[in-house]
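Remarks on the structure that follows.
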Amino acid sequence: MSLPHTYCKKCGTITYSLEKDPSKELCMMCGTLGTQQFVPEQYLDEYGDLKPGAKEQIFEELVKTSPEFDQEAYERVPLVRAQYKRQSAMLAAESQGENTSNTSSSVRCPKCGSYSVATTNRGYSLLTGFIGSGSPRNVCQKCGHKWKPGK
């Protein structure tokens, strides 16, 4: 048998609970206390797992009709999940000894120190024509300073 499923009346998140009273838990997506409820038996199969289509039914029948329902909180759930996945991936990479820092391997402007740097090709010149027009140049997006890569 699986852990008991709960749903949040405010944002519609469906998760599990280890508590006997899930209303004492914070919702992990919207951070609200007191909105967690056990999923009723009618949405579960004989093993305690959600039946096919149960998530949609729970949202339509229990969440949307709840006075606590907040459309903005519901719309933020995918953003919170994406942020959580990014943070989890960074933590996993750090625990494996990988460098996730943007600053240690990124190009930095020698004039102002900004990490906001783009690489472009040098363009056509009236003085030199197309000579050197294909050579790359770093351009600082903050101060506009241009320099050759590797300098």
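If you're wondering about the labels, chains in the structure tokens are A, B, ... by order shown, residues count from 1 in each chain, ligands from 1 in order shown.
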
Can you list every residue of region 61-119 of chain A that has an atom at most 7 Å from region 11-35 of chain A, with its nearest atom pair and the distance in Å to one decimal, using only C-alpha atoms, ordered by chain then number, as JSON lines?
```
{"residue": "A:Val63", "atom": "CA", "partner": "A:Gly12", "partner_atom": "CA", "distance": 5.8}
{"residue": "A:Phe69", "atom": "CA", "partner": "A:Cys11", "partner_atom": "CA", "distance": 6.3}
{"residue": "A:Asp70", "atom": "CA", "partner": "A:Cys11", "partner_atom": "CA", "distance": 6.2}
{"residue": "A:Ala73", "atom": "CA", "partner": "A:Cys11", "partner_atom": "CA", "distance": 5.1}
{"residue": "A:Tyr74", "atom": "CA", "partner": "A:Cys11", "partner_atom": "CA", "distance": 4.2}
{"residue": "A:Val77", "atom": "CA", "partner": "A:Met29", "partner_atom": "CA", "distance": 6.1}
{"residue": "A:Val80", "atom": "CA", "partner": "A:Met29", "partner_atom": "CA", "distance": 6.4}
```

- Got a sec: who's within 10 Å of Gly113 (chain A), counting only C-alpha atoms, leaving out chain neighbours fewer than 5 positions off, as an NGL selection string? :A and (107-108 or 140 or 142-143)

Store the residues picked out above in a file with C-alpha atoms, as a compact mmCIF listing (two decimals), in the first residue's frame.
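Saved the output as selection_3.txt:
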```txt
# COMPACT_ATOMS: atom_id res chain seq x y z
CA VAL A 107 33.93 35.23 -19.74
CA ARG A 108 34.19 38.47 -17.83
CA CYS A 140 30.28 43.57 -23.01
CA LYS A 142 26.89 46.39 -19.90
CA CYS A 143 29.58 48.89 -20.94
```

Take CA of Glu72 (chain A) and CA of Met90 (chain A) and report the distance between them in Å, one decimal.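 So the answer is 27.4 Å.
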
Can you list every residue in chain A that DSSP puts in strand (DSSP E), as a list in words? His5, Thr6, Tyr7, Cys8, Ile14, Thr15, Tyr16, Gln36, Gln37, Phe38, Val117, Ala118, Thr119, Thr120, Asn121, Pro136, Arg137, Asn138, Val139, Cys140, Lys146 and Trp147 of chain A

Straight-line distance linking CA of Val39 (chain A) with CA of Leu62 (chain A), stated in Å to one decimal: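 Atom-to-atom, CA of Val39 (chain A) and CA of Leu62 (chain A) are spaced 9.3 Å apart.
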
Between CA of Thr6 (chain A) and CA of Gly53 (chain A) lies a distance of 15.6 Å

Give me, as a list in words, all polymer residues having an atom no more than 8 Å from region 145-151 of chain A, counting only C-alpha atoms and skipping those fewer than 3 positions away in the same chain.
Cys109, Lys111, Pro136, Arg137, Asn138, Val139 and Cys140 of chain A

message: For the helix (DSSP H, G or I) assignment from backbone DSSP, which residues of region 30-148 of chain A qualify? Please present them as an NGL selection string.
response: :A and (41-43 or 54-63 or 71-95 or 102-105)

task: Quick one: everything within 12 Å of Asp45 (chain A), counting only C-alpha atoms, minus sequence neighbours fewer than 3 positions away in the same chain. Send it as a ChimeraX atom specification.
output: /A:1-2,4-5,39-42,48-54

Output file for the residues above (C-alpha atoms, as a PDB file, in the first residue's frame):
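Output (result-v8.pdb):
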```pdb
ATOM      1  CA  MET A   1       0.000   0.000   0.000  1.00  0.00           C
ATOM      2  CA  SER A   2       1.282   3.467  -0.859  1.00  0.00           C
ATOM      3  CA  PRO A   4      -1.942   8.417   1.568  1.00  0.00           C
ATOM      4  CA  HIS A   5      -2.534  11.010  -1.156  1.00  0.00           C
ATOM      5  CA  VAL A  39      -7.904  12.447  -1.269  1.00  0.00           C
ATOM      6  CA  PRO A  40     -11.293  10.708  -0.805  1.00  0.00           C
ATOM      7  CA  GLU A  41     -11.455   6.940  -1.360  1.00  0.00           C
ATOM      8  CA  GLN A  42     -13.592   7.286  -4.515  1.00  0.00           C
ATOM      9  CA  GLY A  48      -4.403   3.314  -2.582  1.00  0.00           C
ATOM     10  CA  ASP A  49      -3.042   4.797  -5.812  1.00  0.00           C
ATOM     11  CA  LEU A  50      -4.874   7.412  -7.850  1.00  0.00           C
ATOM     12  CA  LYS A  51      -7.261   6.039 -10.448  1.00  0.00           C
ATOM     13  CA  PRO A  52      -6.693   7.085 -14.082  1.00  0.00           C
ATOM     14  CA  GLY A  53      -8.119  10.583 -14.588  1.00  0.00           C
ATOM     15  CA  ALA A  54      -8.412  11.169 -10.834  1.00  0.00           C
TER      16      ALA A  54
END
```
